[in-house]
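The structure appears right after this line, and notes come after that.
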Amino acid sequence: MAEINRQIHLVSRPTGEASADNFRLVEQPLGTPGEGQVLVRHHFLSLDPYMRGRMNDAKSYAQPQELDKVMQGGTVGVVVASKHPDYKPGDNVVGFGGWQEYSIVDAGMPGSLRKVDTSRVPLSAYLGAVGMPGVTAWYGLMKICEPKAGQTIVVSAASGAVGSAVGQLAKTRGCRAVGIAGGTDKCEYVTRELGFDACIDYKAHKDPKSLYQALKEATPDGVDGNFENVGGPILDAVLARMNTFGRIALCGMISGYDGQPIPLQQPQLILVSRLRIEGFIVGEHPEVRSEAMKELGMLVGTGKLKYRETIASGIESAPEAFLGLLKGRNFGKQLVKLV
Ligand SMILES: NC(=O)c1ccc[n+]([C@@H]2O[C@H](COP(=O)([O-])OP(=O)(O)OC[C@H]3O[C@@H](n4cnc5c(N)ncnc54)[C@H](OP(=O)(O)O)[C@@H]3O)[C@@H](O)[C@H]2O)c1
């Protein structure tokens with residue numbers, strides 16, 4: 001076992017776009033677990049858009065990431081040493097170990113560590129389709145969009161970790177699933193591989209009228225549920241296609257994560273169409289976790305829920321891979337492989 005634990009720290013806060021200078025690779029001696037603790041070797045770490053928000057020292061639903069500390073984030077790995085009776089070396093675990101090669105975890109703390117079964121679901125999928133992004137898709141779709149057979153569901157960032165699951169889950173409920181994604185490759189994947197009914201390449205429709213027209217053609221019966229991941233002109237176009245009493249799950253607004261304003265062009269449509277718009281944070285809904293995980297695990301295990309991963313290699317690659325994720329350079333779930 002290595003004597004050194006390599007970590008990525010946040011060392012400064014971005015003004016505008018985040019950059020590689022905001023991060024630093026740090027080497028620390030590897031500790032040993034005390035009573036009740038477990039040493040985990042991380043195999044994959046998860047890179048997620050919400051981390052951009054935590055880089056700012058601003059009021060939000062989550063505490064900002066502390067400077068000169070390991071970047072926080074989800075991890076999957078294998079127990080290498082344990083002083084907790086419920087864990088033994090070789091156990092596959094999901095945790096929140098952060099951007100580092102190893103973590104020492106107080107395994108008795110609720111939510112700190114969970115053993116997972118990799119016989120049908122690969123370890124990395126517990127950070128994606130059968131992990132936080134999958135549960136996010138499940139919650140926003142089932143509890144806010146409330147899909148019914150024959151209805152139309154639209155999702156933006158459709159080829160990504162969350163969006164890809166939203167459309168496929170909507171199909172299992174008998175809905176028409178329409179994605180919005182950047183580029184022909186992503187749109188072809190969304191329709192041909194994932195089975196969405198249509199996908200709009202927003203990069204080919206830079207003019208709002210053209211985007212609206214493309215969406216109109218893809219949603220001949222209007223939109224009943226919108227799973228919003230992006231905001232800005234994409235949300236404007238979908239708002240204008242919403243049916244009366246439609247539902248919008250406001251999951252993310254990645255087009256504004258660098259702090260630029262993304263005002264709604266026609267907020268009056270919320271009233272005119274009597275829309276329900278609800279923002280949500282998946283971590284605040286532990287009540288759906290087991291039901292969602294059961295369905296997602298079954299669908300992935302039987303090959304009915306497909307997903308794609310973009311995998312960067314080595315802890316030193318995490319900052320660039322993260323910056324790429326914010327620019328859409330990922331194709332599916334963005335991970336860093338550490339072993
Ligand atoms: N509320 C919650 O609890 C919760 C939990 C998890 C995730 N989220 C949110 O869900 C969304 C998707 O997350 P994810 O993990 O699945 O990421 P992802 O979709 O795998 O990756 C992010 C994607 O966003 C798209 N994007 C980036 N900038 C954009 C822009 N300016 N305009 C349009 N699209 C842009 C890119 O796809 P294209 O190439 O298609 O543009 C990029 O690949 C994010 O907004 C995230 O913050 C929320």
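Letters for chains follow the order of the structure tokens (A, B, ...), residue numbers begin at 1 for each chain, and ligand numbers begin at 1 in the order shown.
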
Based on DSSP run over this structure's backbone, return all residues of range 177-277 of chain A in alpha helix (DSSP H), as a list in words.
-> Thr184, Asp185, Lys186, Cys187, Glu188, Pro208, Lys209, Ser210, Leu211, Tyr212, Gln213, Ala214, Leu215, Lys216, Glu217, Ala218, Pro233, Ile234, Leu235, Asp236, Ala237, Val238, Leu239, Gln268, Leu269, Ile270, Leu271 and Val272 of chain A

Could the residues that lie within 6 Å of ligand 1, counting only C-alpha atoms and all ligand atoms, be listed as a PDB file with C-alpha atoms, in the first residue's frame?
ATOM      1  CA  ASP A  48     -20.588  16.868 -10.504  1.00  0.00           C
ATOM      2  CA  PRO A  49     -21.768  20.320 -11.625  1.00  0.00           C
ATOM      3  CA  TYR A  50     -22.922  21.262  -8.075  1.00  0.00           C
ATOM      4  CA  PRO A 133     -27.597  11.418 -10.346  1.00  0.00           C
ATOM      5  CA  THR A 136     -32.044  12.919  -8.765  1.00  0.00           C
ATOM      6  CA  ALA A 157     -28.543  18.149 -20.689  1.00  0.00           C
ATOM      7  CA  GLY A 160     -25.652  13.564 -19.164  1.00  0.00           C
ATOM      8  CA  ALA A 161     -25.750  11.540 -15.973  1.00  0.00           C
ATOM      9  CA  VAL A 162     -29.106  12.906 -14.791  1.00  0.00           C
ATOM     10  CA  GLY A 163     -30.752  13.695 -18.140  1.00  0.00           C
ATOM     11  CA  ALA A 181     -28.361  18.339 -25.862  1.00  0.00           C
ATOM     12  CA  GLY A 182     -25.299  19.984 -27.373  1.00  0.00           C
ATOM     13  CA  ASN A 229     -31.009  21.087 -15.978  1.00  0.00           C
ATOM     14  CA  VAL A 230     -29.758  24.147 -17.853  1.00  0.00           C
ATOM     15  CA  CYS A 251     -33.037  20.467 -11.004  1.00  0.00           C
ATOM     16  CA  GLY A 252     -30.137  22.589 -12.247  1.00  0.00           C
ATOM     17  CA  MET A 253     -29.313  25.803 -14.115  1.00  0.00           C
ATOM     18  CA  ILE A 254     -25.818  25.041 -15.363  1.00  0.00           C
ATOM     19  CA  SER A 255     -25.872  27.855 -17.949  1.00  0.00           C
ATOM     20  CA  PHE A 280     -35.386  20.482  -5.402  1.00  0.00           C
ATOM     21  CA  ILE A 281     -32.171  19.130  -3.902  1.00  0.00           C
ATOM     22  CA  VAL A 282     -31.950  15.370  -4.018  1.00  0.00           C
ATOM     23  CA  LEU A 325     -17.712  18.902 -17.437  1.00  0.00           C
ATOM     24  CA  LEU A 326     -18.808  22.510 -16.969  1.00  0.00           C
ATOM     25  CA  LYS A 327     -18.150  23.109 -20.686  1.00  0.00           C
ATOM     26  CA  GLY A 328     -19.990  20.000 -21.898  1.00  0.00           C
ATOM     27  CA  ARG A 329     -16.812  18.104 -22.855  1.00  0.00           C
ATOM     28  CA  ASN A 330     -18.099  15.091 -20.900  1.00  0.00           C
ATOM     29  CA  GLY A 332     -22.383  10.932 -19.862  1.00  0.00           C
ATOM     30  CA  LYS A 333     -21.255  10.599 -16.250  1.00  0.00           C
TER      31      LYS A 333
END

Just list the residues in range 23-269 of chain A DSSP gives strand (DSSP E) on the backbone, as an NGL selection string.
-> :A and (23-29 or 37-46 or 69-70 or 75-82 or 92-95 or 102-106 or 113-115 or 152-156 or 176-181 or 198-201 or 223-228 or 242-250)

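Proximity to Arg13 in chain A at 8 Å, evaluated using only C-alpha atoms and with sequence-adjacent residues fewer than 2 positions away removed, yields Leu10, Val11, Thr15, Ala18, Asn22, Met55, Asn56 and Asp57 of chain A.
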
Restricting to only C-alpha atoms, whichever of A:Leu250, A:Ala81, A:Val121, A:Cys199 is closest to Gly301 in chain A is A:Val121

Would you list the contacts of range 211-217 of chain A as a ChimeraX atom specification, taking every protein, DNA or RNA residue within 7 Å and counting only C-alpha atoms, but skipping same-chain residues closer than 2 positions in sequence?
-> /A:200,202,205-209,219-220,237,241

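What separates CA of Glu295 in chain A from CA of Thr172 in chain A is a distance of 10.9 Å.
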
Of the listed residues A:Arg120, A:Leu271, A:Met142, A:Val79, that which approaches Leu299 in chain A most closely, counting only C-alpha atoms = A:Arg120

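Coordinates place CA of Glu17 in chain A at a distance of 9.9 Å from CA of Gln260 in chain A.
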
Of A:Ala170, A:Lys203, A:Gly259, A:Val178, the one nearest to Ala58 in chain A when counting only C-alpha atoms is A:Gly259

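Between Met242 in chain A and the candidates A:Ile262, A:Val94, A:Val154, A:Cys187, the tightest atom-to-atom separation, counting only C-alpha atoms, involves A:Val154.
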
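Computed from the coordinates, the CA of Ala198 in chain A to CA of Asp221 in chain A distance equals 13.4 Å.
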